[in-house]
Each structure stands twice: as C-alpha cells, then as structure tokens.
file model_3.pdb (PDB, C-alpha atoms and all ligand atoms)
MODEL        1
ATOM      1  CA  MET A   1     -16.212  -0.467 -11.932
ATOM      2  CA  LEU A   2     -15.130   2.768 -13.511
ATOM      3  CA  LEU A   3     -11.495   1.879 -13.279
ATOM      4  CA  ARG A   4     -10.976   1.825 -16.982
ATOM      5  CA  GLU A   5     -12.436   5.288 -17.475
ATOM      6  CA  LYS A   6     -10.352   6.686 -14.704
ATOM      7  CA  LYS A   7      -7.250   5.353 -16.329
ATOM      8  CA  LYS A   8      -7.833   7.447 -19.405
ATOM      9  CA  GLN A   9      -8.097  10.583 -17.334
ATOM     10  CA  ASN A  10      -4.841   9.931 -15.583
ATOM     11  CA  LEU A  11      -2.967  13.156 -15.985
ATOM     12  CA  GLY A  12       0.411  11.803 -15.095
ATOM     13  CA  VAL A  13       2.270  10.032 -12.383
ATOM     14  CA  LYS A  14       1.052  10.766  -8.907
ATOM     15  CA  LYS A  15       3.537  11.359  -6.193
ATOM     16  CA  ILE A  16       3.856   8.186  -4.245
ATOM     17  CA  ARG A  17       4.918   8.777  -0.695
ATOM     18  CA  VAL A  18       4.959   5.223   0.468
ATOM     19  CA  LEU A  19       7.590   2.603  -0.061
ATOM     20  CA  LYS A  20       7.737  -1.118   0.077
ATOM     21  CA  GLY A  21       8.240  -2.218   3.673
ATOM     22  CA  ASP A  22       6.431   0.759   5.192
ATOM     23  CA  GLN A  23       4.154   0.098   8.136
ATOM     24  CA  VAL A  24       0.680   1.380   7.352
ATOM     25  CA  GLU A  25      -2.793   1.434   8.818
ATOM     26  CA  VAL A  26      -5.928   0.888   6.794
ATOM     27  CA  LEU A  27      -8.401   3.761   7.075
ATOM     28  CA  ALA A  28     -11.362   2.423   5.165
ATOM     29  CA  GLY A  29     -12.948  -0.760   3.966
ATOM     30  CA  LYS A  30     -13.424  -4.110   5.598
ATOM     31  CA  ASP A  31      -9.930  -4.100   7.058
ATOM     32  CA  LYS A  32     -10.314  -0.676   8.639
ATOM     33  CA  GLY A  33      -8.022  -0.200  11.607
ATOM     34  CA  LYS A  34      -5.735  -3.053  10.705
ATOM     35  CA  LYS A  35      -2.042  -2.586  10.332
ATOM     36  CA  GLY A  36       0.340  -4.181   7.942
ATOM     37  CA  LYS A  37       3.479  -3.929   5.944
ATOM     38  CA  ILE A  38       3.509  -2.861   2.327
ATOM     39  CA  GLU A  39       4.518  -5.712   0.101
ATOM     40  CA  LYS A  40       4.191  -4.045  -3.235
ATOM     41  CA  VAL A  41       3.584  -0.555  -4.609
ATOM     42  CA  LEU A  42       1.905  -0.067  -7.967
ATOM     43  CA  PRO A  43       2.482   3.644  -8.635
ATOM     44  CA  GLY A  44       0.706   3.681 -11.983
ATOM     45  CA  LYS A  45      -2.533   2.571 -10.383
ATOM     46  CA  GLY A  46      -2.115   4.335  -7.066
ATOM     47  CA  VAL A  47      -2.554   1.147  -5.126
ATOM     48  CA  VAL A  48      -0.508  -0.899  -2.712
ATOM     49  CA  VAL A  49      -0.538  -4.504  -1.642
ATOM     50  CA  ILE A  50      -0.376  -4.965   2.111
ATOM     51  CA  LYS A  51       0.371  -8.283   3.688
ATOM     52  CA  GLY A  52      -2.691  -9.755   5.341
ATOM     53  CA  ILE A  53      -4.963  -6.907   4.271
ATOM     54  CA  ASN A  54      -7.846  -7.166   1.853
ATOM     55  CA  MET A  55      -7.501 -10.919   1.676
ATOM     56  CA  TYR A  56      -9.557 -12.857  -0.752
ATOM     57  CA  LYS A  57      -9.894 -16.505  -1.597
ATOM     58  CA  ARG A  58      -9.543 -17.904  -5.022
ATOM     59  CA  HIS A  59     -10.614 -21.311  -6.057
ATOM     60  CA  VAL A  60      -7.989 -22.660  -8.366
ATOM     61  CA  LYS A  61      -8.461 -25.548 -10.685
ATOM     62  CA  PRO A  62      -5.649 -28.037 -10.936
ATOM     63  CA  GLN A  63      -3.370 -27.320 -13.847
ATOM     64  CA  GLY A  64      -1.591 -30.448 -14.802
ATOM     65  CA  GLN A  65       0.320 -32.483 -12.297
ATOM     66  CA  ALA A  66       2.624 -29.741 -11.068
ATOM     67  CA  LYS A  67      -0.073 -27.335  -9.928
ATOM     68  CA  GLN A  68      -2.640 -28.606  -7.513
ATOM     69  CA  GLY A  69      -6.045 -27.064  -7.293
ATOM     70  CA  GLY A  70      -7.578 -25.711  -4.156
ATOM     71  CA  ILE A  71      -8.298 -22.487  -2.389
ATOM     72  CA  VAL A  72      -5.589 -19.887  -2.516
ATOM     73  CA  THR A  73      -5.604 -16.868  -0.239
ATOM     74  CA  ALA A  74      -3.949 -13.730  -1.492
ATOM     75  CA  SER A  75      -3.896 -10.022  -0.771
ATOM     76  CA  ARG A  76      -5.657  -7.674  -3.090
ATOM     77  CA  PRO A  77      -4.308  -4.211  -3.794
ATOM     78  CA  ILE A  78      -5.848  -1.362  -1.834
ATOM     79  CA  ALA A  79      -6.057   2.292  -2.880
ATOM     80  CA  LEU A  80      -3.364   4.530  -1.491
ATOM     81  CA  CYS A  81      -5.894   7.043  -0.200
ATOM     82  CA  LYS A  82      -7.223   4.382   2.147
ATOM     83  CA  VAL A  83      -3.988   3.855   3.993
ATOM     84  CA  ALA A  84      -1.916   5.995   6.317
ATOM     85  CA  VAL A  85       1.759   5.591   6.989
ATOM     86  CA  ILE A  86       2.712   4.827  10.559
ATOM     87  CA  CYS A  87       5.809   6.624  11.741
ATOM     88  CA  SER A  88       8.514   4.284  12.953
ATOM     89  CA  LYS A  89       9.675   6.859  15.486
ATOM     90  CA  CYS A  90       6.514   7.969  17.239
ATOM     91  CA  GLY A  91       4.210   5.153  16.181
ATOM     92  CA  LYS A  92       1.426   7.477  15.078
ATOM     93  CA  LYS A  93      -0.465   7.674  11.848
ATOM     94  CA  THR A  94       1.073  10.484   9.907
ATOM     95  CA  ARG A  95       1.428  12.217   6.618
ATOM     96  CA  VAL A  96       4.760  11.983   4.936
ATOM     97  CA  GLY A  97       6.847  15.050   4.317
ATOM     98  CA  TYR A  98      10.087  15.547   2.534
ATOM     99  CA  GLU A  99      13.237  17.212   3.653
ATOM    100  CA  VAL A 100      16.606  17.611   2.054
ATOM    101  CA  ALA A 101      19.403  16.602   4.370
ATOM    102  CA  LYS A 102      22.998  16.519   3.232
ATOM    103  CA  GLY A 103      21.904  16.762  -0.365
ATOM    104  CA  GLU A 104      19.668  13.750  -0.011
ATOM    105  CA  LYS A 105      15.925  13.707  -0.010
ATOM    106  CA  VAL A 106      14.583  12.002   3.061
ATOM    107  CA  ARG A 107      11.064  11.288   4.167
ATOM    108  CA  ILE A 108      10.012  12.768   7.447
ATOM    109  CA  CYS A 109       7.098  12.358   9.803
ATOM    110  CA  ARG A 110       4.965  15.494   9.897
ATOM    111  CA  LYS A 111       4.177  14.925  13.539
ATOM    112  CA  CYS A 112       7.529  14.302  15.175
ATOM    113  CA  LYS A 113       9.769  15.475  12.315
ATOM    114  CA  GLY A 114      11.724  12.260  12.604
ATOM    115  CA  GLN A 115      13.009  10.393   9.640
ATOM    116  CA  ILE A 116      10.756   7.601   8.483
TER     117      ILE A 116
HETATM  118 ZN    ZN B 201       6.649  10.461  13.943
ENDMDL
END
call {"tool": "encode", "arguments": {"input": "model_3.pdb", "output": "structure tokens"}}
result
Amino acid sequence: MLLREKKKQNLGVKKIRVLKGDQVEVLAGKDKGKKGKIEKVLPGKGVVVIKGINMYKRHVKPQGQAKQGGIVTASRPIALCKVAVICSKCGKKTRVGYEVAKGEKVRICRKCKGQI
C-alpha cells in the first residue's frame, strides 16, 4: 500500500461532491454495480463508507465480560473515484454540478439539471 506516501503529497483538500445519505453506485471493485447509501464521508482521505458495500469480516476476540468475541461484519471505506452519485430525480448515474439559487449553493444533476 502506498497510502502513506500519497498522504504526504496531498496538496490540499479535495472538493467533495458527495454527502452523507447520498445514493451512489459502485463503479469498480468487487461490489461493482451495487448501489447503496453513503454512511460516512472522510474528506481528508477521499473515501466514503457505503452501507453494505465493501463488507469485510473481522474476527474479534472477547474483551472482558461486556464484549463478546465473534465475527463482526463491517463496511470498509471505498475511494470516491469508484463511486457515482445517483440522481434522486432521474435515477441515473450522474456527475454533480453546482448552481447558485437564491443566494444558496445547491447541488444539481448534470443530466436532468434537477436538484439533488
Ligand atoms: Zn438527474
């Protein structure tokens, strides 16, 4: 993994066009073609956590009496470049644009120009 090296070269905050709760489709990887809702956005890393996507199993040892051991399934973060936002209006995969309406910045679908 070259993740650590990449971090050093980070030239600043990337523009994140997705938000928590957005419906997205996975474009690459083992979950290609699957759809899900964004649970968490990590802008610093350029990754998102999508519910039910990129699942992995962890074997957890019991920690005292309160925490039982076992196999825990959780979602792993996925790179932003591997997901596409699905427009809530037209239901298509789209890129996100911005528009200023009534002094407020809103996100729009590049395909149907509707507000996301
Ligand atoms: Zn649309």
call {"tool": "residues_near_ligand", "arguments": {"input": "model_3.pdb", "ligand": "ligand ZN 201 (chain B)", "cutoff": "9 Å", "atoms": "only C-alpha atoms and all ligand atoms", "output": "PDB file with C-alpha atoms, in the frame of the given file"}}
result
ATOM      1  CA  ILE A  86       2.712   4.827  10.559  1.00  0.00           C
ATOM      2  CA  CYS A  87       5.809   6.624  11.741  1.00  0.00           C
ATOM      3  CA  SER A  88       8.514   4.284  12.953  1.00  0.00           C
ATOM      4  CA  LYS A  89       9.675   6.859  15.486  1.00  0.00           C
ATOM      5  CA  CYS A  90       6.514   7.969  17.239  1.00  0.00           C
ATOM      6  CA  GLY A  91       4.210   5.153  16.181  1.00  0.00           C
ATOM      7  CA  LYS A  92       1.426   7.477  15.078  1.00  0.00           C
ATOM      8  CA  LYS A  93      -0.465   7.674  11.848  1.00  0.00           C
ATOM      9  CA  THR A  94       1.073  10.484   9.907  1.00  0.00           C
ATOM     10  CA  ILE A 108      10.012  12.768   7.447  1.00  0.00           C
ATOM     11  CA  CYS A 109       7.098  12.358   9.803  1.00  0.00           C
ATOM     12  CA  ARG A 110       4.965  15.494   9.897  1.00  0.00           C
ATOM     13  CA  LYS A 111       4.177  14.925  13.539  1.00  0.00           C
ATOM     14  CA  CYS A 112       7.529  14.302  15.175  1.00  0.00           C
ATOM     15  CA  LYS A 113       9.769  15.475  12.315  1.00  0.00           C
ATOM     16  CA  GLY A 114      11.724  12.260  12.604  1.00  0.00           C
ATOM     17  CA  GLN A 115      13.009  10.393   9.640  1.00  0.00           C
ATOM     18  CA  ILE A 116      10.756   7.601   8.483  1.00  0.00           C
TER      19      ILE A 116
END
call {"tool": "resolve_selection", "arguments": {"input": "model_3.pdb", "expression": "the PyMOL selection byres (((chain A and resi 60) around 10) and not hetatm)", "output": "list of chain:residue names"}}
result
A:Lys57, A:Arg58, A:His59, A:Lys61, A:Pro62, A:Gln63, A:Lys67, A:Gln68, A:Gly69, A:Gly70, A:Ile71, A:Val72
call {"tool": "write_last_selection", "arguments": {"input": "model_3.pdb", "atoms": "C-alpha atoms", "output": "tab-separated table (two decimals), keeping the file's coordinate frame"}}
result
chain	number	residue	atom	x	y	z
A	57	LYS	CA	-9.89	-16.50	-1.60
A	58	ARG	CA	-9.54	-17.90	-5.02
A	59	HIS	CA	-10.61	-21.31	-6.06
A	61	LYS	CA	-8.46	-25.55	-10.68
A	62	PRO	CA	-5.65	-28.04	-10.94
A	63	GLN	CA	-3.37	-27.32	-13.85
A	67	LYS	CA	-0.07	-27.34	-9.93
A	68	GLN	CA	-2.64	-28.61	-7.51
A	69	GLY	CA	-6.04	-27.06	-7.29
A	70	GLY	CA	-7.58	-25.71	-4.16
A	71	ILE	CA	-8.30	-22.49	-2.39
A	72	VAL	CA	-5.59	-19.89	-2.52
call {"tool": "residues_around", "arguments": {"input": "model_3.pdb", "residues": "range 18-32 of chain A", "least_positions_apart": "6", "cutoff": "8 Å", "atoms": "all atoms listed in the file", "output": "list in words"}}
result
Ile38, Glu39, Lys40, Val41, Ile53, Asn54, Lys82, Val83, Ala84, Val85, Ile86, Cys87, Ser88 and Lys93 of chain A
call {"tool": "closest_residue", "arguments": {"input": "model_3.pdb", "among": "A:Met55, A:Ala101, A:Val106, A:Val96", "to": "Pro77 in chain A", "atoms": "only C-alpha atoms"}}
result
A:Met55
call {"tool": "closest_residue", "arguments": {"input": "model_3.pdb", "among": "A:Ala66, A:Ala74, A:Val100, A:Leu80", "to": "Gly46 in chain A", "atoms": "only C-alpha atoms"}}
result
A:Leu80
call {"tool": "atom_distance", "arguments": {"input": "model_3.pdb", "atom1": "CA of Val49 in chain A", "atom2": "CA of Arg107 in chain A"}}
result
20.4 Å
call {"tool": "atom_distance", "arguments": {"input": "model_3.pdb", "atom1": "CA of Lys15 in chain A", "atom2": "CA of Ile78 in chain A"}}
result
16.4 Å
call {"tool": "atom_distance", "arguments": {"input": "model_3.pdb", "atom1": "CA of Lys51 in chain A", "atom2": "CA of Thr73 in chain A"}}
result
11.2 Å
call {"tool": "closest_residue", "arguments": {"input": "model_3.pdb", "among": "A:Gly97, A:Ile16, A:Lys102, A:Cys81", "to": "Leu42 in chain A", "atoms": "all atoms listed in the file"}}
result
A:Ile16
call {"tool": "closest_residue", "arguments": {"input": "model_3.pdb", "among": "A:Gly36, A:Gly44, A:Glu104, A:Glu99", "to": "Ser75 in chain A", "atoms": "all atoms listed in the file"}}
result
A:Gly36
